[in-house]
Amino acid sequence: MSILCGIPLLECVYCLACARWAWKRCLHTAGHDSETWGVATADEFEPVPRLCRYILAVYEEDLRNPQWEPPGGYGINPDWVKLKRTYNDTQGRAPPYLLYLDHDHSDIVLAVRGLNLAKECDYKLLLDNKLGKRKIDGGYVHNGLLKAAGWVLDSECGVLKELVEKYPSYSLTFAGHSLGSGVAAMLALVVVLNSGKLGNVERKRVRCFAIAPARCMSLNLAVRYADVINSVVLQDDFLPRTATPLEDIFTSLFCLPCLLCLRCMRDTCTSEDQMIKDPRRLYAPGRLYHIVERKPFRYNNPSIQT
């Protein structure tokens, strides 16, 4: 009888914890994340729109006859595309990508597309990870994304090395969106750690722009590679804020609402300091640029925080 009497009390504690978590989330807006950050300069952010168009170009089958070209086009000269890999080429080991020699901006760009909801291989790549599964350079990274980056680098090492040596004044840029952003970030990390594979390319020539990035590296690595990797987050974008490991969501025996309720309890009872101290916890990579709409319902005054 005493145990049964305690059940309503436990239910009340559970409901209060979930209510507190929901209340905090409802009051939280994107502006709170970066309200103390400085404002990015136009020069710092200049490559981002251009690289976003290059990433979109990966989705096209024929760049000379594009089907989904955005207003203003992709800004790509098809004659400067060195290679373009599809799912048939990668065999599911990595998302499709293209290598573009951008003479107008003195840049060698490898752009990786985002998650394809119709491709099982993309899910397998994203879910190939467990907390603390893969360690590198004194930190932790996403296992599946690191393997994909390693496959891309091994496959294109020869052509990348040739271009880097032929154009010594050009930067080497890795760019990607969503799933591709994690692969791009891992590529930048692996290239910096194995610069000899590309003819001892200097660290200052390597850079990465991860658009809507997946959480793929531990905090110490994110800080250490902030001079190389840049992450771009739009407003309340879901993926960079997903603290729950995605493999837990898709492979759990519990239904999604039950799992989220359990996460509510855990997040409520765990302090931010304690979560930050966990060296295995993954974060968005590198330096963060946060695009925020400061005035709700007015779309003419965005600010970019860094």
# chains A, B, ... in the order shown; residues from 1 in each chain; ligands from 1
>>> residues_around(residues="Arg50 of chain A", least_positions_apart="3", cutoff="10 Å", atoms="only C-alpha atoms", output="PDB file with C-alpha atoms, in the first residue's frame")
ATOM      1  CA  PHE A  45      30.960  35.752 -44.182  1.00  0.00           C
ATOM      2  CA  GLU A  46      31.563  36.441 -47.879  1.00  0.00           C
ATOM      3  CA  PRO A  47      32.312  32.823 -48.957  1.00  0.00           C
ATOM      4  CA  ARG A  53      25.360  27.411 -54.223  1.00  0.00           C
ATOM      5  CA  TYR A  54      28.243  25.046 -54.942  1.00  0.00           C
ATOM      6  CA  ILE A  55      26.748  22.517 -52.504  1.00  0.00           C
ATOM      7  CA  TYR A  74      24.941  28.274 -59.155  1.00  0.00           C
ATOM      8  CA  GLY A  75      27.818  30.566 -60.054  1.00  0.00           C
ATOM      9  CA  ILE A  76      29.706  27.579 -61.429  1.00  0.00           C
TER      10      ILE A  76
END
>>> closest_residue(among="A:His177, A:Arg241, A:Arg215, A:Arg203", to="Tyr283 of chain A", atoms="only C-alpha atoms")
A:Arg215
>>> residues_around(residues="Pro96 of chain A", least_positions_apart="3", cutoff="9 Å", atoms="only C-alpha atoms", output="number ranges by chain")
A: 58-59, 84-90, 92, 111-114, 180
>>> closest_residue(among="A:Ala118, A:Asn129, A:Leu172, A:Tyr123", to="Leu99 of chain A", atoms="only C-alpha atoms")
A:Leu172
>>> closest_residue(among="A:Pro95, A:Lys133, A:Val201, A:Lys119", to="Val152 of chain A", atoms="only C-alpha atoms")
A:Pro95
>>> closest_residue(among="A:Phe174, A:Tyr167, A:Lys277, A:Arg287", to="Ala226 of chain A", atoms="only C-alpha atoms")
A:Arg287
>>> select_by_dssp(residues="segment 68-113 of chain A", states="alpha helix (DSSP H)", output="ChimeraX atom specification")
/A:87-90
>>> select_by_dssp(residues="segment 155-244 of chain A", states="strand (DSSP E)", output="ChimeraX atom specification")
/A:171-177,206-211,217-218,229-234
>>> residues_around(residues="Leu125 of chain A", least_positions_apart="5", cutoff="8 Å", atoms="only C-alpha atoms", output="JSON, numbers by chain")
{"A": [93, 94, 144, 145, 148]}
>>> write_last_selection(atoms="N, CA, C and O atoms", output="PDB file, in the first residue's frame")
ATOM      1  N   ARG A  93      29.484   4.740 -49.416  1.00  0.00           N
ATOM      2  CA  ARG A  93      30.529   5.009 -48.429  1.00  0.00           C
ATOM      3  C   ARG A  93      30.616   6.473 -48.059  1.00  0.00           C
ATOM      4  O   ARG A  93      31.202   6.839 -47.038  1.00  0.00           O
ATOM      5  N   ALA A  94      30.049   7.337 -48.891  1.00  0.00           N
ATOM      6  CA  ALA A  94      30.047   8.776 -48.644  1.00  0.00           C
ATOM      7  C   ALA A  94      28.938   9.406 -49.477  1.00  0.00           C
ATOM      8  O   ALA A  94      28.515   8.828 -50.486  1.00  0.00           O
ATOM      9  N   GLY A 144      31.055   7.340 -38.091  1.00  0.00           N
ATOM     10  CA  GLY A 144      30.609   7.181 -39.468  1.00  0.00           C
ATOM     11  C   GLY A 144      31.076   8.313 -40.370  1.00  0.00           C
ATOM     12  O   GLY A 144      31.508   8.079 -41.511  1.00  0.00           O
ATOM     13  N   LEU A 145      31.016   9.543 -39.877  1.00  0.00           N
ATOM     14  CA  LEU A 145      31.441  10.693 -40.673  1.00  0.00           C
ATOM     15  C   LEU A 145      32.941  10.674 -40.910  1.00  0.00           C
ATOM     16  O   LEU A 145      33.412  11.049 -41.989  1.00  0.00           O
ATOM     17  N   ALA A 148      33.643   8.138 -43.647  1.00  0.00           N
ATOM     18  CA  ALA A 148      33.275   8.672 -44.957  1.00  0.00           C
ATOM     19  C   ALA A 148      34.328   9.660 -45.453  1.00  0.00           C
ATOM     20  O   ALA A 148      34.716   9.643 -46.637  1.00  0.00           O
TER      21      ALA A 148
END
>>> atom_distance(atom1="atom CA of Ser178 of chain A", atom2="atom CA of Gly196 of chain A")
28.5 Å
>>> residues_around(residues="Asp227 of chain A", least_positions_apart="2", cutoff="8 Å", atoms="only C-alpha atoms", output="ChimeraX atom specification")
/A:207,224-225,229-230,286-287
>>> write_last_selection(atoms="N, CA and C atoms", output="JSON list (two decimals), in the first residue's frame")
[["chain", "number", "residue", "atom", "x", "y", "z"],
["A", 207, "ARG", "N", 40.53, 25.15, -45.17],
["A", 207, "ARG", "CA", 39.39, 25.70, -44.44],
["A", 207, "ARG", "C", 38.15, 24.87, -44.75],
["A", 224, "ARG", "N", 40.04, 23.70, -30.90],
["A", 224, "ARG", "CA", 41.38, 23.63, -31.46],
["A", 224, "ARG", "C", 41.39, 23.85, -32.97],
["A", 225, "TYR", "N", 40.29, 23.47, -33.64],
["A", 225, "TYR", "CA", 40.24, 23.62, -35.10],
["A", 225, "TYR", "C", 39.34, 24.78, -35.54],
["A", 229, "ILE", "N", 37.87, 25.32, -39.30],
["A", 229, "ILE", "CA", 36.48, 24.91, -39.54],
["A", 229, "ILE", "C", 35.52, 26.00, -39.08],
["A", 230, "ASN", "N", 34.56, 26.32, -39.94],
["A", 230, "ASN", "CA", 33.52, 27.30, -39.64],
["A", 230, "ASN", "C", 32.15, 26.64, -39.80],
["A", 286, "GLY", "N", 34.16, 23.60, -34.87],
["A", 286, "GLY", "CA", 34.86, 24.85, -35.15],
["A", 286, "GLY", "C", 34.17, 26.11, -34.68],
["A", 287, "ARG", "N", 34.42, 27.17, -35.42],
["A", 287, "ARG", "CA", 33.88, 28.49, -35.13],
["A", 287, "ARG", "C", 32.44, 28.59, -35.63]]
>>> residues_around(residues="Asp79 of chain A", least_positions_apart="6", cutoff="12 Å", atoms="only C-alpha atoms", output="JSON, numbers by chain")
{"A": [63, 64, 99, 100, 101, 102, 103]}
>>> atom_distance(atom1="atom CA of Glu69 of chain A", atom2="atom CA of Val232 of chain A")
22.1 Å
